[in-house]
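Structure file start-v3.cif (mmCIF, C-alpha atoms and all ligand atoms) follows.
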```cif
data_my_file
#
loop_
_atom_site.label_atom_id
_atom_site.label_comp_id
_atom_site.auth_asym_id
_atom_site.auth_seq_id
_atom_site.Cartn_x
_atom_site.Cartn_y
_atom_site.Cartn_z
CA MET S 1 -39.78 -10.67 122.23
CA LYS S 2 -36.31 -9.61 123.40
CA ALA S 3 -34.12 -12.34 124.89
CA ILE S 4 -30.53 -13.24 125.82
CA ILE S 5 -29.37 -16.40 124.06
CA LEU S 6 -26.18 -18.45 124.27
CA THR S 7 -24.34 -18.24 120.96
CA ASP S 8 -21.08 -19.45 119.40
CA GLN S 9 -21.15 -16.55 116.92
CA ASN S 10 -19.22 -14.00 119.02
CA GLU S 11 -16.54 -13.92 121.74
CA ASP S 12 -18.97 -12.95 124.50
CA LYS S 13 -21.04 -16.09 123.77
CA LEU S 14 -24.18 -14.03 124.40
CA ASP S 15 -26.57 -12.29 122.03
CA PHE S 16 -29.46 -9.90 122.66
CA VAL S 17 -31.98 -11.04 120.05
CA THR S 18 -35.62 -10.80 119.04
CA LEU S 19 -37.49 -14.11 119.07
CA PRO S 20 -41.13 -14.95 118.38
CA LYS S 21 -43.37 -14.63 121.45
CA PRO S 22 -44.15 -18.20 122.58
CA SER S 23 -47.69 -19.58 123.02
CA PRO S 24 -48.80 -21.91 125.81
CA ALA S 25 -49.81 -25.46 124.82
CA THR S 26 -52.14 -27.69 126.85
CA GLY S 27 -51.18 -27.61 130.54
CA GLU S 28 -48.85 -24.61 130.08
CA VAL S 29 -48.93 -20.91 130.96
CA LEU S 30 -47.38 -17.86 129.31
CA ILE S 31 -45.63 -15.60 131.81
CA LYS S 32 -44.67 -11.99 131.18
CA ILE S 33 -41.30 -11.83 132.94
CA LYS S 34 -40.90 -8.84 135.27
CA ALA S 35 -37.46 -9.83 136.55
CA ALA S 36 -34.94 -12.64 136.07
CA ALA S 37 -31.68 -13.50 137.83
CA LEU S 38 -28.35 -15.15 137.04
CA ASN S 39 -26.88 -18.28 138.56
CA HIS S 40 -23.34 -19.49 138.15
CA ARG S 41 -24.61 -22.20 135.79
CA ASP S 42 -25.44 -19.45 133.26
CA GLN S 43 -21.78 -18.39 133.40
CA TRP S 44 -20.59 -22.03 133.19
CA CYS S 45 -22.75 -22.35 130.01
CA ARG S 46 -21.06 -19.25 128.63
CA GLU S 47 -17.63 -20.75 129.36
CA GLY S 48 -18.63 -24.05 127.73
CA LEU S 49 -18.26 -25.82 131.09
CA TYR S 50 -21.83 -27.12 131.37
CA PRO S 51 -23.01 -30.48 129.94
CA SER S 52 -25.34 -30.71 126.92
CA ILE S 53 -24.94 -27.14 125.74
CA LYS S 54 -27.34 -26.09 122.97
CA TYR S 55 -26.54 -22.80 121.24
CA GLY S 56 -29.54 -20.58 120.57
CA THR S 57 -31.10 -21.40 123.96
CA VAL S 58 -32.46 -18.53 126.06
CA LEU S 59 -30.40 -18.67 129.30
CA GLY S 60 -31.71 -18.13 132.84
CA SER S 61 -33.26 -20.42 135.47
CA ASP S 62 -34.68 -17.75 137.76
CA GLY S 63 -37.71 -15.62 136.99
CA ALA S 64 -40.82 -13.94 138.34
CA GLY S 65 -43.68 -12.29 136.51
CA VAL S 66 -47.39 -12.26 135.72
CA VAL S 67 -49.39 -15.08 134.12
CA GLU S 68 -50.65 -13.54 130.87
CA GLU S 69 -52.15 -16.47 128.94
CA LEU S 70 -53.35 -19.99 129.73
CA GLY S 71 -53.14 -23.16 127.65
CA ASP S 72 -56.00 -25.66 127.67
CA ALA S 73 -56.66 -27.58 130.90
CA VAL S 74 -55.15 -24.90 133.15
CA SER S 75 -57.09 -23.39 136.06
CA GLU S 76 -58.57 -19.94 135.24
CA LYS S 77 -57.46 -18.83 138.70
CA LEU S 78 -53.87 -18.53 137.49
CA LEU S 79 -54.66 -15.79 134.97
CA GLY S 80 -53.17 -12.46 136.10
CA GLN S 81 -51.42 -13.97 139.14
CA GLU S 82 -48.01 -12.70 140.26
CA VAL S 83 -45.78 -15.77 140.29
CA LEU S 84 -42.26 -17.14 140.50
CA ILE S 85 -41.06 -20.20 138.63
CA ASN S 86 -39.74 -23.52 140.00
CA PRO S 87 -36.72 -24.24 137.74
CA ASN S 88 -36.88 -28.03 138.36
CA ILE S 89 -38.01 -30.00 135.32
CA GLY S 90 -38.79 -33.63 136.19
CA TRP S 91 -37.18 -33.97 139.65
CA GLY S 92 -39.19 -37.16 140.19
CA GLU S 93 -40.61 -38.84 143.29
CA LEU S 94 -37.59 -39.28 145.57
CA PRO S 95 -36.86 -36.58 148.17
CA ASN S 96 -33.09 -37.18 148.26
CA VAL S 97 -32.15 -37.39 144.60
CA GLN S 98 -33.40 -36.33 141.19
CA HIS S 99 -34.64 -38.62 138.38
CA LYS S 100 -32.09 -39.48 135.66
CA ASP S 101 -34.04 -37.33 133.16
CA PHE S 102 -34.00 -34.27 135.45
CA LYS S 103 -33.34 -30.91 133.75
CA ILE S 104 -33.00 -27.33 134.93
CA LEU S 105 -34.85 -24.49 133.23
CA GLY S 106 -32.59 -22.44 130.96
CA MET S 107 -30.55 -25.18 129.22
CA PRO S 108 -31.46 -27.04 127.09
CA ASP S 109 -35.04 -25.61 127.42
CA HIS S 110 -35.53 -21.86 126.91
CA GLY S 111 -35.07 -19.93 130.16
CA THR S 112 -36.03 -16.72 131.87
CA LEU S 113 -33.71 -14.08 130.35
CA ALA S 114 -36.50 -12.91 128.05
CA GLU S 115 -39.67 -10.85 127.97
CA TYR S 116 -41.83 -14.00 128.01
CA ILE S 117 -41.55 -17.67 128.92
CA VAL S 118 -43.86 -20.66 128.61
CA VAL S 119 -43.72 -23.24 131.41
CA LYS S 120 -45.91 -26.05 132.69
CA ALA S 121 -48.62 -24.68 134.98
CA ASP S 122 -47.35 -26.78 137.90
CA ARG S 123 -44.03 -24.91 137.79
CA VAL S 124 -45.55 -21.61 138.95
CA HIS S 125 -46.04 -20.57 142.58
CA LEU S 126 -47.62 -17.43 143.96
CA LYS S 127 -45.05 -14.72 144.67
CA PRO S 128 -44.61 -14.22 148.43
CA SER S 129 -46.33 -10.90 149.20
CA HIS S 130 -43.35 -9.45 151.09
CA LEU S 131 -41.11 -9.73 148.01
CA SER S 132 -40.85 -7.41 145.03
CA PHE S 133 -40.65 -9.02 141.57
CA GLU S 134 -36.89 -8.39 141.59
CA GLU S 135 -36.51 -10.18 144.94
CA ALA S 136 -38.82 -13.02 143.92
CA ALA S 137 -36.79 -13.54 140.74
CA ALA S 138 -33.64 -13.90 142.86
CA LEU S 139 -35.13 -16.72 144.93
CA PRO S 140 -35.83 -19.93 142.95
CA LEU S 141 -32.64 -21.83 142.08
CA GLY S 142 -30.42 -20.41 144.83
CA GLY S 143 -33.12 -20.62 147.47
CA LEU S 144 -33.97 -24.22 146.56
CA THR S 145 -30.31 -25.32 146.53
CA ALA S 146 -29.61 -23.64 149.87
CA TYR S 147 -32.79 -25.06 151.45
CA HIS S 148 -32.08 -28.68 150.40
CA ALA S 149 -28.44 -28.39 151.56
CA CYS S 150 -29.28 -26.71 154.90
CA PHE S 151 -32.39 -28.63 155.92
CA TYR S 152 -32.63 -31.90 153.98
CA HIS S 153 -28.95 -32.84 154.24
CA ALA S 154 -27.37 -30.73 157.00
CA GLN S 155 -30.53 -30.68 159.16
CA ILE S 156 -29.35 -27.44 160.73
CA LYS S 157 -30.83 -26.86 164.17
CA ALA S 158 -30.99 -23.98 166.63
CA GLY S 159 -27.78 -23.50 168.59
CA GLU S 160 -25.52 -25.39 166.18
CA LYS S 161 -22.36 -23.72 164.94
CA VAL S 162 -22.63 -23.44 161.16
CA LEU S 163 -20.08 -22.15 158.62
CA ILE S 164 -21.24 -20.87 155.23
CA THR S 165 -18.31 -20.45 152.84
CA GLY S 166 -18.08 -17.79 150.10
CA VAL S 167 -21.00 -15.81 151.44
CA GLY S 168 -20.96 -13.40 148.47
CA GLY S 169 -22.33 -16.22 146.32
CA GLY S 170 -25.95 -16.29 145.22
CA VAL S 171 -26.69 -19.62 146.94
CA ALA S 172 -24.45 -18.97 149.95
CA GLN S 173 -26.26 -15.78 151.00
CA PHE S 174 -29.51 -17.81 151.17
CA ALA S 175 -27.79 -20.57 153.16
CA MET S 176 -26.57 -17.93 155.61
CA GLN S 177 -30.02 -16.33 155.95
CA PHE S 178 -31.78 -19.71 156.29
CA ALA S 179 -29.35 -20.92 158.98
CA VAL S 180 -29.74 -17.64 160.89
CA ALA S 181 -33.54 -17.96 160.69
CA ALA S 182 -33.28 -21.54 162.00
CA GLY S 183 -31.55 -20.21 165.12
CA ALA S 184 -28.05 -21.51 164.36
CA GLU S 185 -24.87 -19.65 165.32
CA VAL S 186 -23.76 -18.68 161.83
CA TYR S 187 -20.25 -17.83 160.65
CA VAL S 188 -19.11 -17.07 157.11
CA THR S 189 -16.04 -16.91 154.89
CA SER S 190 -15.47 -14.57 151.98
CA GLY S 191 -12.61 -13.24 149.88
CA ALA S 192 -13.80 -9.68 150.54
CA VAL S 193 -14.00 -7.85 153.87
CA ASP S 194 -17.00 -5.76 152.82
CA LYS S 195 -19.00 -8.93 152.04
CA ILE S 196 -18.27 -10.20 155.56
CA SER S 197 -19.45 -6.88 157.01
CA GLN S 198 -22.66 -7.13 154.97
CA ALA S 199 -23.21 -10.72 156.13
CA LYS S 200 -23.04 -9.53 159.74
CA THR S 201 -25.92 -7.13 159.09
CA PHE S 202 -27.92 -10.24 158.08
CA GLY S 203 -27.15 -12.03 161.36
CA ALA S 204 -23.79 -13.75 160.81
CA LEU S 205 -21.75 -13.60 164.03
CA GLU S 206 -18.27 -13.40 162.50
CA GLY S 207 -16.49 -13.86 159.21
CA PHE S 208 -13.07 -15.02 158.00
CA ASN S 209 -11.24 -13.99 154.84
CA TYR S 210 -10.27 -17.19 153.00
CA LYS S 211 -7.59 -15.24 151.13
CA GLU S 212 -5.68 -14.73 154.38
CA SER S 213 -3.23 -17.48 155.29
CA GLU S 214 -4.27 -19.51 158.29
CA TRP S 215 -7.77 -18.03 158.48
CA GLN S 216 -8.83 -21.46 159.71
CA LYS S 217 -6.80 -20.98 162.91
CA ALA S 218 -8.72 -17.79 163.66
CA ALA S 219 -11.98 -19.63 162.91
CA LEU S 220 -11.09 -22.46 165.30
CA LYS S 221 -10.01 -20.03 168.02
CA THR S 222 -13.26 -18.07 167.73
CA THR S 223 -15.66 -20.98 167.46
CA GLY S 224 -14.00 -24.20 168.66
CA GLY S 225 -15.08 -25.83 165.37
CA PHE S 226 -18.28 -26.18 163.37
CA ASP S 227 -21.10 -28.73 163.59
CA LYS S 228 -22.08 -28.16 159.95
CA ILE S 229 -20.32 -26.54 156.99
CA ILE S 230 -22.07 -25.58 153.75
CA ASP S 231 -19.60 -25.17 150.87
CA SER S 232 -19.51 -24.78 147.10
CA ALA S 233 -15.82 -23.98 146.55
CA GLY S 234 -14.37 -27.49 146.90
CA GLY S 235 -10.82 -27.85 145.55
CA LYS S 236 -7.98 -27.76 148.03
CA MET S 237 -10.20 -25.76 150.42
CA LEU S 238 -11.97 -29.01 151.32
CA ASN S 239 -8.98 -30.29 153.32
CA THR S 240 -8.98 -26.99 155.24
CA LEU S 241 -12.66 -27.51 156.06
CA LEU S 242 -11.78 -30.96 157.45
CA ASP S 243 -9.54 -29.17 159.98
CA ILE S 244 -12.35 -27.00 161.31
CA VAL S 245 -15.40 -29.26 161.27
CA LYS S 246 -16.03 -30.89 164.67
CA PRO S 247 -15.64 -34.66 165.06
CA GLY S 248 -18.98 -36.14 164.02
CA GLY S 249 -19.75 -33.02 161.97
CA LYS S 250 -21.06 -32.70 158.42
CA ILE S 251 -19.71 -30.92 155.35
CA ILE S 252 -22.39 -30.43 152.71
CA PHE S 253 -21.14 -29.30 149.31
CA TYR S 254 -23.27 -28.25 146.34
CA GLY S 255 -20.53 -27.00 143.99
CA ALA S 256 -16.89 -27.34 143.04
CA THR S 257 -15.99 -23.84 141.91
CA LEU S 258 -12.29 -24.52 142.67
CA GLY S 259 -12.39 -27.97 141.02
CA ASN S 260 -11.59 -31.41 142.45
CA VAL S 261 -9.55 -32.17 145.57
CA GLU S 262 -6.14 -33.57 144.68
CA GLN S 263 -5.36 -35.23 148.00
CA LEU S 264 -8.36 -35.78 150.18
CA ASN S 265 -7.41 -36.51 153.82
CA LEU S 266 -9.38 -39.76 154.16
CA ARG S 267 -7.82 -40.65 157.53
CA LYS S 268 -9.14 -37.49 159.08
CA ILE S 269 -12.61 -38.21 157.65
CA PHE S 270 -12.90 -41.74 159.07
CA TRP S 271 -11.15 -41.07 162.38
CA ASN S 272 -13.29 -38.02 163.13
CA GLN S 273 -16.41 -39.69 161.71
CA ILE S 274 -17.10 -36.75 159.40
CA THR S 275 -19.92 -36.86 156.84
CA LEU S 276 -19.12 -35.48 153.39
CA GLN S 277 -22.45 -35.02 151.60
CA GLY S 278 -23.07 -33.79 148.05
CA SER S 279 -26.24 -31.80 147.40
CA THR S 280 -27.99 -30.66 144.22
CA MET S 281 -31.02 -28.39 143.84
CA GLY S 282 -33.98 -29.93 145.77
CA SER S 283 -37.32 -31.66 145.27
CA ASP S 284 -40.58 -29.90 144.37
CA GLN S 285 -41.60 -30.41 148.01
CA ASP S 286 -38.38 -28.63 149.08
CA PHE S 287 -39.34 -25.78 146.73
CA GLU S 288 -42.75 -25.38 148.37
CA ASP S 289 -41.22 -25.65 151.85
CA MET S 290 -38.54 -23.10 150.93
CA ILE S 291 -41.15 -20.55 149.81
CA ALA S 292 -43.13 -21.13 153.03
CA PHE S 293 -39.92 -20.70 155.10
CA VAL S 294 -38.98 -17.48 153.26
CA SER S 295 -42.52 -16.14 153.77
CA LYS S 296 -42.65 -17.11 157.45
CA HIS S 297 -39.28 -15.52 158.26
CA LYS S 298 -39.75 -12.56 155.87
CA ILE S 299 -36.41 -13.28 154.23
CA HIS S 300 -35.29 -10.87 151.52
CA PRO S 301 -32.70 -12.09 149.00
CA MET S 302 -29.48 -10.06 148.92
CA ILE S 303 -29.49 -8.34 145.54
CA SER S 304 -26.10 -7.28 144.26
CA SER S 305 -27.27 -5.31 141.24
CA LEU S 306 -30.33 -4.59 139.09
CA ARG S 307 -29.88 -4.01 135.37
CA PRO S 308 -32.01 -3.88 132.22
CA LEU S 309 -31.95 -7.17 130.28
CA ALA S 310 -30.07 -5.47 127.45
CA GLN S 311 -27.11 -5.05 129.85
CA ALA S 312 -26.89 -8.76 130.69
CA LEU S 313 -23.27 -8.96 129.53
CA GLU S 314 -22.21 -6.61 132.37
CA ALA S 315 -23.97 -8.81 134.91
CA PHE S 316 -22.26 -11.94 133.54
CA GLU S 317 -18.88 -10.17 133.76
CA GLU S 318 -19.61 -9.16 137.38
CA MET S 319 -20.29 -12.81 138.20
CA LYS S 320 -17.22 -14.03 136.30
CA ALA S 321 -15.05 -11.65 138.36
CA GLY S 322 -16.76 -12.75 141.61
CA LYS S 323 -17.62 -9.13 142.43
CA GLN S 324 -21.24 -9.73 143.39
CA THR S 325 -22.69 -9.98 146.89
CA GLY S 326 -25.79 -12.07 146.32
CA LYS S 327 -27.93 -12.14 143.23
CA LEU S 328 -27.58 -10.35 139.87
CA VAL S 329 -31.03 -9.34 138.65
CA LEU S 330 -32.07 -8.37 135.10
CA CYS S 331 -35.35 -6.73 134.10
CA PRO S 332 -36.77 -6.97 130.56
N1 LIG S 401 -25.55 -28.44 142.88
C1 LIG S 401 -26.42 -27.49 142.63
O1 LIG S 401 -27.63 -27.72 142.60
C2 LIG S 401 -25.94 -26.09 142.47
C3 LIG S 401 -26.86 -25.04 142.50
C4 LIG S 401 -26.37 -23.75 142.41
C5 LIG S 401 -25.01 -23.53 142.28
N2 LIG S 401 -24.16 -24.59 142.22
C6 LIG S 401 -22.71 -24.38 142.11
O2 LIG S 401 -22.31 -23.72 143.31
C7 LIG S 401 -21.32 -22.75 143.01
C8 LIG S 401 -21.83 -21.38 143.46
O3 LIG S 401 -22.94 -21.02 142.67
P1 LIG S 401 -23.60 -19.56 142.77
O4 LIG S 401 -24.66 -19.47 141.73
O5 LIG S 401 -23.92 -19.26 144.19
O6 LIG S 401 -22.32 -18.72 142.29
P2 LIG S 401 -21.85 -17.24 142.54
O7 LIG S 401 -22.99 -16.37 142.90
O8 LIG S 401 -21.01 -16.89 141.36
O9 LIG S 401 -20.91 -17.39 143.83
C9 LIG S 401 -19.64 -17.96 143.79
C10 LIG S 401 -18.96 -17.62 145.10
O10 LIG S 401 -17.90 -18.55 145.33
C11 LIG S 401 -17.14 -18.01 146.37
N3 LIG S 401 -15.74 -18.47 146.32
C12 LIG S 401 -14.84 -18.28 145.34
N4 LIG S 401 -13.65 -18.81 145.74
C13 LIG S 401 -13.84 -19.32 146.99
C14 LIG S 401 -13.00 -19.97 147.94
N5 LIG S 401 -11.70 -20.17 147.70
N6 LIG S 401 -13.54 -20.35 149.12
C15 LIG S 401 -14.84 -20.12 149.41
N7 LIG S 401 -15.68 -19.49 148.54
C16 LIG S 401 -15.17 -19.11 147.35
C17 LIG S 401 -17.16 -16.49 146.20
O11 LIG S 401 -17.54 -15.94 147.48
P3 LIG S 401 -17.06 -14.48 147.98
O12 LIG S 401 -17.54 -13.56 146.92
O13 LIG S 401 -17.74 -14.30 149.27
O14 LIG S 401 -15.57 -14.53 148.11
C18 LIG S 401 -18.25 -16.29 145.10
O15 LIG S 401 -19.12 -15.23 145.37
C19 LIG S 401 -21.04 -22.86 141.52
O16 LIG S 401 -19.95 -23.74 141.34
C20 LIG S 401 -22.31 -23.46 140.97
O17 LIG S 401 -22.11 -24.15 139.77
C21 LIG S 401 -24.60 -25.87 142.31
#
```

Written as structure tokens, how would this file's structure read?
Ligand SMILES: NC(=O)c1ccc[n+]([C@@H]2O[C@H](COP(=O)([O-])OP(=O)(O)OC[C@H]3O[C@@H](n4cnc5c(N)ncnc54)[C@H](OP(=O)(O)O)[C@@H]3O)[C@@H](O)[C@H]2O)c1
Amino acid sequence: MKAIILTDQNEDKLDFVTLPKPSPATGEVLIKIKAAALNHRDQWCREGLYPSIKYGTVLGSDGAGVVEELGDAVSEKLLGQEVLINPNIGWGELPNVQHKDFKILGMPDHGTLAEYIVVKADRVHLKPSHLSFEEAAALPLGGLTAYHACFYHAQIKAGEKVLITGVGGGVAQFAMQFAVAAGAEVYVTSGAVDKISQAKTFGALEGFNYKESEWQKAALKTTGGFDKIIDSAGGKMLNTLLDIVKPGGKIIFYGATLGNVEQLNLRKIFWNQITLQGSTMGSDQDFEDMIAFVSKHKIHPMISSLRPLAQALEAFEEMKAGKQTGKLVLCP
């Protein structure tokens, strides 16, 4: 089968290779992948900025396809089903935090950027009928991360003022759509005006360009401050977010694309009784709830581009340059 692996044998760190087609063992299923999607972690792997990198691994945490073969002890009902894959491996029992042995599909285990994948049968879920394979492939990791951040941690409610930063991001566009569907008043930031315009067509009320100086003043003037902020940029931007979250408000962050904060304004955090909450992926229950939420509200992932798997390098470069609005999808 054709696959995209991480390699240290060339400058791109990616190789389009032929690997043996895998076979399902007891409790596993073989899925013929119809579409897969990138997450920033795939790019971090390529840049050597992800822990426990194993060269030769098929990258990709997101995928959707058709169950083609069953291992022993798997229900016959799964054969031929159109499914998407839960990328959690071993989340564990707790709803708020993952087990110490938790892994994510696509490093160090083989991922979805391939013609076939073998996963445990309990990792597959029926594809929501309103989604194409390409849309379903865009959903798993980003949708789960956004759902856990928005609803487990932020507990976003109707009528609250919510800011989603960097809305062009794969996770952020889900957070925006989920908050809109929950009835919140949703605002966004982006480094590109056209991404803000697109967000408004998905229900965001207004957007602010974080590349403009003092964008936070415009945000405060327009909104009076935010009850909840969902962020993945981190870095020095975090102190700016402290200026625009309301007293008693919450900042949930699931990434640190801009790195650590050099001087965190602790006085502002305790005086204004602000919650700073980290968030990672989500439990298997969150995954089921997220699919139900997406089905109920007929949410369609924003897809930035669709490419054949053989052109994966172009998709990685688009992500590296931050050009995408939403998810980058690859079809074997
Ligand atoms: N903890 C977890 O479970 C988890 C899960 C998924 C992702 N993550 C992390 O979250 C981050 C985003 O992941 P992704 O897959 O959504 O990546 P992505 O699709 O590459 O999106 C990254 C986005 O970051 C935004 N950004 C860049 N500079 C910014 C700034 N100064 N202020 C605000 N936004 C800025 C950009 O938004 P615009 O294009 O709109 O400017 C860009 O589109 C990554 O660091 C990733 O590792 C963590």

Looking at S:Leu78, S:Ala233, S:Val67, S:Val329, which one is nearest to ligand LIG 401 (chain S), with distances taken over only C-alpha atoms and all ligand atoms? S:Ala233

Residues contacting ligand LIG 401 (chain S) - anything with an atom at most 6 Å away, using all atoms listed in the file - can you give me those as a PyMOL selection string? chain S and resi 39-41+142+145+165-172+190-192+210+232-233+254-257+279-281+319+322

From the list S:Gly143, S:Leu70, S:Asp15, S:Tyr187, which residue is nearest Lys327 of chain S when using all atoms listed in the file? S:Gly143

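Nearest residue to Gly278 of chain S among S:Cys150, S:Ile303, S:Ala321, S:Leu266 is S:Cys150, counting all atoms listed in the file.
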
For Ala154 of chain S, please output as a ChimeraX atom specification all residues within 7 Å (counting only C-alpha atoms; exclusion window: fewer than 5 positions along the same chain). /S:149,228,250,252

What's the 12 Å shell around Glu76 of chain S, counting all atoms listed in the file, without same-chain residues fewer than 6 positions away, as a PyMOL selection string? chain S and resi 27-29+67-70+121

Which residue out of S:Ala158, S:Leu14, S:Ala146, S:Ala310 has the minimum interatomic distance to Gln43 of chain S when all atoms listed in the file are used? S:Leu14

I'd like the interatomic distance between atom CA of Arg123 of chain S and atom CA of Glu318 of chain S, to a tenth of an Å.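 It comes out at 29.1 Å.
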
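Around the point (-8.4, -28.5, 154.2), within 12 Å and counting only C-alpha atoms, we find these residues: Tyr210, Glu214, Trp215, Gln216, Lys217, Ala233, Gly234, Gly235, Lys236, Met237, Leu238, Asn239, Thr240, Leu241, Leu242, Asp243, Ile244, Val245, Ile251, Val261, Glu262, Gln263, Leu264, Asn265, Leu266, Lys268 and Ile269 of chain S.
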
Counting only C-alpha atoms, the residue of S:Gln277, S:Ser295, S:Thr26, S:Gln324 that sits nearest Asn96 of chain S: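 Distance minimum relative to Asn96 of chain S lands on S:Gln277.
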
Pick from S:Leu144, S:Ala64, S:Ile33, S:Ala136: nearest to Asp284 of chain S, with all atoms listed in the file counted?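 Nearest to Asp284 of chain S: S:Leu144.
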
Mind pulling up the distance from atom CA of Trp91 of chain S to atom CA of Ala36 of chain S? 21.7 Å

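Rounded to one decimal, atom CA of Gln198 of chain S and atom CA of Leu126 of chain S lie 29.2 Å from each other.
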
Close residues, Cys45 of chain S itself excluded, 10 Å, only C-alpha atoms, min 6 positions apart in chain, as a VMD selection string: chain S and resid 6 13 51 to 55 59 106 to 107
